[in-house]
Amino acid sequence: MANEYATLADLKTQLAVTDSARDALLNNALAAASRAIDKKTGRRFWLDPSAVQRTFNPYSRIVRDERGELLIVDDVGSTTGLVVETGSGSSWTAVTGYETSPDNALLDGQAITGLLLSSGTWGAGGATRVRVTARWGWPAVPDEIEQATLLQAGRLYKRKDSPEGVAGSAEWGLMRVPNLDPDVQALIGPYMLPGMA
């Protein structure tokens, strides 16, 4: 598996599993929990190993204020290999003089989510697109996302023992298992993009 937000060793420790007979099931649970967090938050927390090119239509991605024009982009986790261009088709012009936003994002372990032009516009010269080459994702997996992954992966692993979404014990009786653990929801909530639920 790749790009999970927690390790098999940590999950085994949390579940008090000491053998390797269930490693495949546990790895599947880690992968599923990680991808479920991606979908729930609307973003991913692993970093591309090398820069990848994406093209954006700036029409609905611009925020204008007294500082200039802020182009909202997908999460950028590293400035290594970052190239920004405007244009369309086969004609592209490199953009310089932009700032990354929020300030100090990478130093604070967060992703860059915007590119600010303090002078000029993203559509200068009739450009209809902005092409950004970057390492997309986050600089490192946040602690809250790692913990949410462990909780959700443990829950998914144990789900095999609760058919039909019902769990129970002699002491408490039967109860329906909710879709998302409230602790997982609380941990990932601050990382959810607006409009994601």
# chains A, B, ... in the order shown; residues from 1 in each chain; ligands from 1
>>> residues_around(residues="Gly125 (chain A)", least_positions_apart="6", cutoff="12 Å", atoms="only C-alpha atoms", output="count of residues only")
7
>>> residues_around(residues="region 20-37 of chain A", least_positions_apart="2", cutoff="9 Å", atoms="only C-alpha atoms", output="ChimeraX atom specification")
/A:1-8,11-12,17-18,39-44,145-146,148-157,188
>>> write_last_selection(atoms="C-alpha atoms", output="CSV table (one decimal), in the first residue's frame")
chain,number,residue,atom,x,y,z
A,1,MET,CA,0.0,0.0,0.0
A,2,ALA,CA,1.1,3.6,-0.4
A,3,ASN,CA,0.3,7.0,1.0
A,4,GLU,CA,-1.4,5.9,4.2
A,5,TYR,CA,-1.5,8.4,7.0
A,6,ALA,CA,-0.4,6.0,9.8
A,7,THR,CA,1.9,3.0,10.1
A,8,LEU,CA,1.0,-0.6,10.4
A,11,LEU,CA,-2.1,0.4,14.3
A,12,LYS,CA,-1.0,-3.0,15.7
A,17,VAL,CA,-1.9,-7.2,17.8
A,18,THR,CA,1.4,-8.9,18.2
A,39,LYS,CA,-12.8,12.2,0.5
A,40,LYS,CA,-14.3,13.6,3.7
A,41,THR,CA,-11.9,16.5,3.9
A,42,GLY,CA,-11.7,17.2,0.2
A,43,ARG,CA,-7.9,17.1,0.2
A,44,ARG,CA,-5.0,14.7,0.5
A,145,ILE,CA,-4.9,13.2,10.6
A,146,GLU,CA,-2.6,10.4,11.7
A,148,ALA,CA,-8.0,9.9,13.0
A,149,THR,CA,-6.5,7.4,10.5
A,150,LEU,CA,-5.6,5.0,13.4
A,151,LEU,CA,-9.0,5.4,15.0
A,152,GLN,CA,-10.9,4.8,11.7
A,153,ALA,CA,-8.6,2.0,10.6
A,154,GLY,CA,-9.1,0.2,14.0
A,155,ARG,CA,-12.8,0.7,13.6
A,156,LEU,CA,-12.8,-0.7,10.0
A,157,TYR,CA,-10.8,-3.7,11.1
A,188,ILE,CA,-10.5,16.0,10.8
>>> residues_around(residues="Glu85 (chain A)", least_positions_apart="5", cutoff="12 Å", atoms="only C-alpha atoms", output="MDAnalysis selection string")
chainID A and resid 53:56 58 90:98 115 122:124 127:134
>>> write_last_selection(atoms="N, CA and C atoms", output="compact mmCIF listing (two decimals), in the first residue's frame")
# COMPACT_ATOMS: atom_id res chain seq x y z
N GLN A 53 2.07 18.96 -13.11
CA GLN A 53 1.43 20.14 -13.70
C GLN A 53 -0.09 20.05 -13.60
N ARG A 54 -0.74 21.14 -13.16
CA ARG A 54 -2.20 21.24 -13.14
C ARG A 54 -2.58 22.59 -13.74
N THR A 55 -3.73 22.61 -14.39
CA THR A 55 -4.22 23.84 -15.01
C THR A 55 -5.51 24.27 -14.32
N PHE A 56 -5.61 25.57 -14.04
CA PHE A 56 -6.76 26.13 -13.34
C PHE A 56 -7.41 27.22 -14.18
N PRO A 58 -9.03 30.55 -13.72
CA PRO A 58 -9.06 31.50 -12.60
C PRO A 58 -10.42 32.16 -12.37
N SER A 90 -1.07 26.43 -26.32
CA SER A 90 0.37 26.16 -26.32
C SER A 90 1.20 27.39 -25.99
N SER A 91 0.54 28.49 -25.63
CA SER A 91 1.23 29.74 -25.33
C SER A 91 1.15 30.04 -23.83
N TRP A 92 2.30 29.95 -23.14
CA TRP A 92 2.34 30.17 -21.69
C TRP A 92 3.46 31.13 -21.35
N THR A 93 3.20 31.97 -20.35
CA THR A 93 4.19 32.95 -19.88
C THR A 93 4.41 32.74 -18.39
N ALA A 94 5.67 32.67 -17.99
CA ALA A 94 6.01 32.48 -16.58
C ALA A 94 5.56 33.70 -15.78
N VAL A 95 5.05 33.45 -14.58
CA VAL A 95 4.63 34.51 -13.68
C VAL A 95 5.67 34.64 -12.58
N THR A 96 6.10 35.86 -12.33
CA THR A 96 7.01 36.12 -11.21
C THR A 96 6.34 37.18 -10.34
N GLY A 97 6.85 37.38 -9.17
CA GLY A 97 6.32 38.41 -8.31
C GLY A 97 5.07 38.02 -7.54
N TYR A 98 4.75 36.75 -7.53
CA TYR A 98 3.62 36.29 -6.73
C TYR A 98 4.13 35.88 -5.35
N LEU A 115 -2.05 31.75 -4.31
CA LEU A 115 -0.95 32.50 -4.90
C LEU A 115 -1.43 33.94 -5.07
N TRP A 122 -4.43 37.94 -12.72
CA TRP A 122 -4.14 36.59 -13.21
C TRP A 122 -4.58 36.41 -14.66
N GLY A 123 -5.44 37.29 -15.14
CA GLY A 123 -5.89 37.20 -16.53
C GLY A 123 -5.20 38.19 -17.44
N ALA A 124 -4.04 38.72 -17.02
CA ALA A 124 -3.33 39.73 -17.81
C ALA A 124 -2.98 39.19 -19.20
N ALA A 127 -4.91 36.02 -20.83
CA ALA A 127 -4.73 34.64 -20.37
C ALA A 127 -6.04 34.11 -19.81
N THR A 128 -6.38 32.90 -20.19
CA THR A 128 -7.62 32.29 -19.69
C THR A 128 -7.38 31.17 -18.70
N ARG A 129 -6.13 30.79 -18.53
CA ARG A 129 -5.80 29.70 -17.61
C ARG A 129 -4.52 30.02 -16.84
N VAL A 130 -4.40 29.39 -15.67
CA VAL A 130 -3.16 29.45 -14.90
C VAL A 130 -2.67 28.02 -14.78
N ARG A 131 -1.42 27.80 -15.17
CA ARG A 131 -0.82 26.47 -15.09
C ARG A 131 0.20 26.48 -13.95
N VAL A 132 0.03 25.56 -13.02
CA VAL A 132 0.91 25.49 -11.86
C VAL A 132 1.56 24.12 -11.84
N THR A 133 2.87 24.12 -11.77
CA THR A 133 3.64 22.89 -11.62
C THR A 133 4.14 22.88 -10.19
N ALA A 134 3.76 21.85 -9.43
CA ALA A 134 4.08 21.84 -8.00
C ALA A 134 4.05 20.41 -7.46
>>> atom_distance(atom1="CA of Arg67 (chain A)", atom2="CA of Thr113 (chain A)")
16.0 Å
>>> residues_around(residues="Gly77 (chain A)", least_positions_apart="6", cutoff="6 Å", atoms="only C-alpha atoms", output="list in words")
Ala111, Arg135, Trp136, Gly137, Trp138 and Pro139 of chain A
>>> residues_around(residues="Asp65 (chain A)", least_positions_apart="3", cutoff="12 Å", atoms="only C-alpha atoms", output="list in words")
Ile62, Gly68, Glu69, Leu70, Leu71, Leu116, Leu117, Ser118 and Ser119 of chain A
>>> residues_around(residues="Leu187 (chain A)", least_positions_apart="4", cutoff="9 Å", atoms="only C-alpha atoms", output="PyMOL selection string")
chain A and resi 144-145+147-148+182-183+191
>>> write_last_selection(atoms="N, CA and C atoms", output="PDB file, in the first residue's frame")
ATOM      1  N   GLU A 144      -3.227  15.216  13.872  1.00  0.00           N
ATOM      2  CA  GLU A 144      -4.659  14.915  13.990  1.00  0.00           C
ATOM      3  C   GLU A 144      -5.119  13.944  12.909  1.00  0.00           C
ATOM      4  N   ILE A 145      -4.580  14.087  11.709  1.00  0.00           N
ATOM      5  CA  ILE A 145      -4.946  13.195  10.599  1.00  0.00           C
ATOM      6  C   ILE A 145      -4.391  11.795  10.852  1.00  0.00           C
ATOM      7  N   GLN A 147      -3.857  10.424  13.821  1.00  0.00           N
ATOM      8  CA  GLN A 147      -4.665   9.825  14.882  1.00  0.00           C
ATOM      9  C   GLN A 147      -6.048   9.431  14.364  1.00  0.00           C
ATOM     10  N   ALA A 148      -6.655  10.275  13.535  1.00  0.00           N
ATOM     11  CA  ALA A 148      -7.958   9.950  12.953  1.00  0.00           C
ATOM     12  C   ALA A 148      -7.854   8.694  12.087  1.00  0.00           C
ATOM     13  N   PRO A 182     -17.313   9.903  16.117  1.00  0.00           N
ATOM     14  CA  PRO A 182     -17.335  11.331  16.483  1.00  0.00           C
ATOM     15  C   PRO A 182     -15.937  11.891  16.757  1.00  0.00           C
ATOM     16  N   ASP A 183     -15.034  11.082  17.286  1.00  0.00           N
ATOM     17  CA  ASP A 183     -13.670  11.556  17.528  1.00  0.00           C
ATOM     18  C   ASP A 183     -12.925  11.780  16.213  1.00  0.00           C
ATOM     19  N   TYR A 191      -9.639  20.439   9.097  1.00  0.00           N
ATOM     20  CA  TYR A 191      -8.940  20.276   7.822  1.00  0.00           C
ATOM     21  C   TYR A 191      -9.901  20.157   6.641  1.00  0.00           C
TER      22      TYR A 191
END
>>> select_by_dssp(residues="chain A", states="alpha helix (DSSP H)", output="VMD selection string")
chain A and resid 8 to 15 23 to 41 143 to 158 182 to 188
>>> closest_residue(among="A:Asp75, A:Phe45, A:Val84, A:Ala16", to="Pro102 (chain A)", atoms="only C-alpha atoms")
A:Asp75
>>> closest_residue(among="A:Pro190, A:Asp181, A:Thr13, A:Thr121", to="Val63 (chain A)", atoms="only C-alpha atoms")
A:Thr121
>>> select_by_dssp(residues="chain A", states="strand (DSSP E or B)", output="count of residues only")
60
>>> atom_distance(atom1="CA of Val73 (chain A)", atom2="CA of Leu180 (chain A)")
28.2 Å
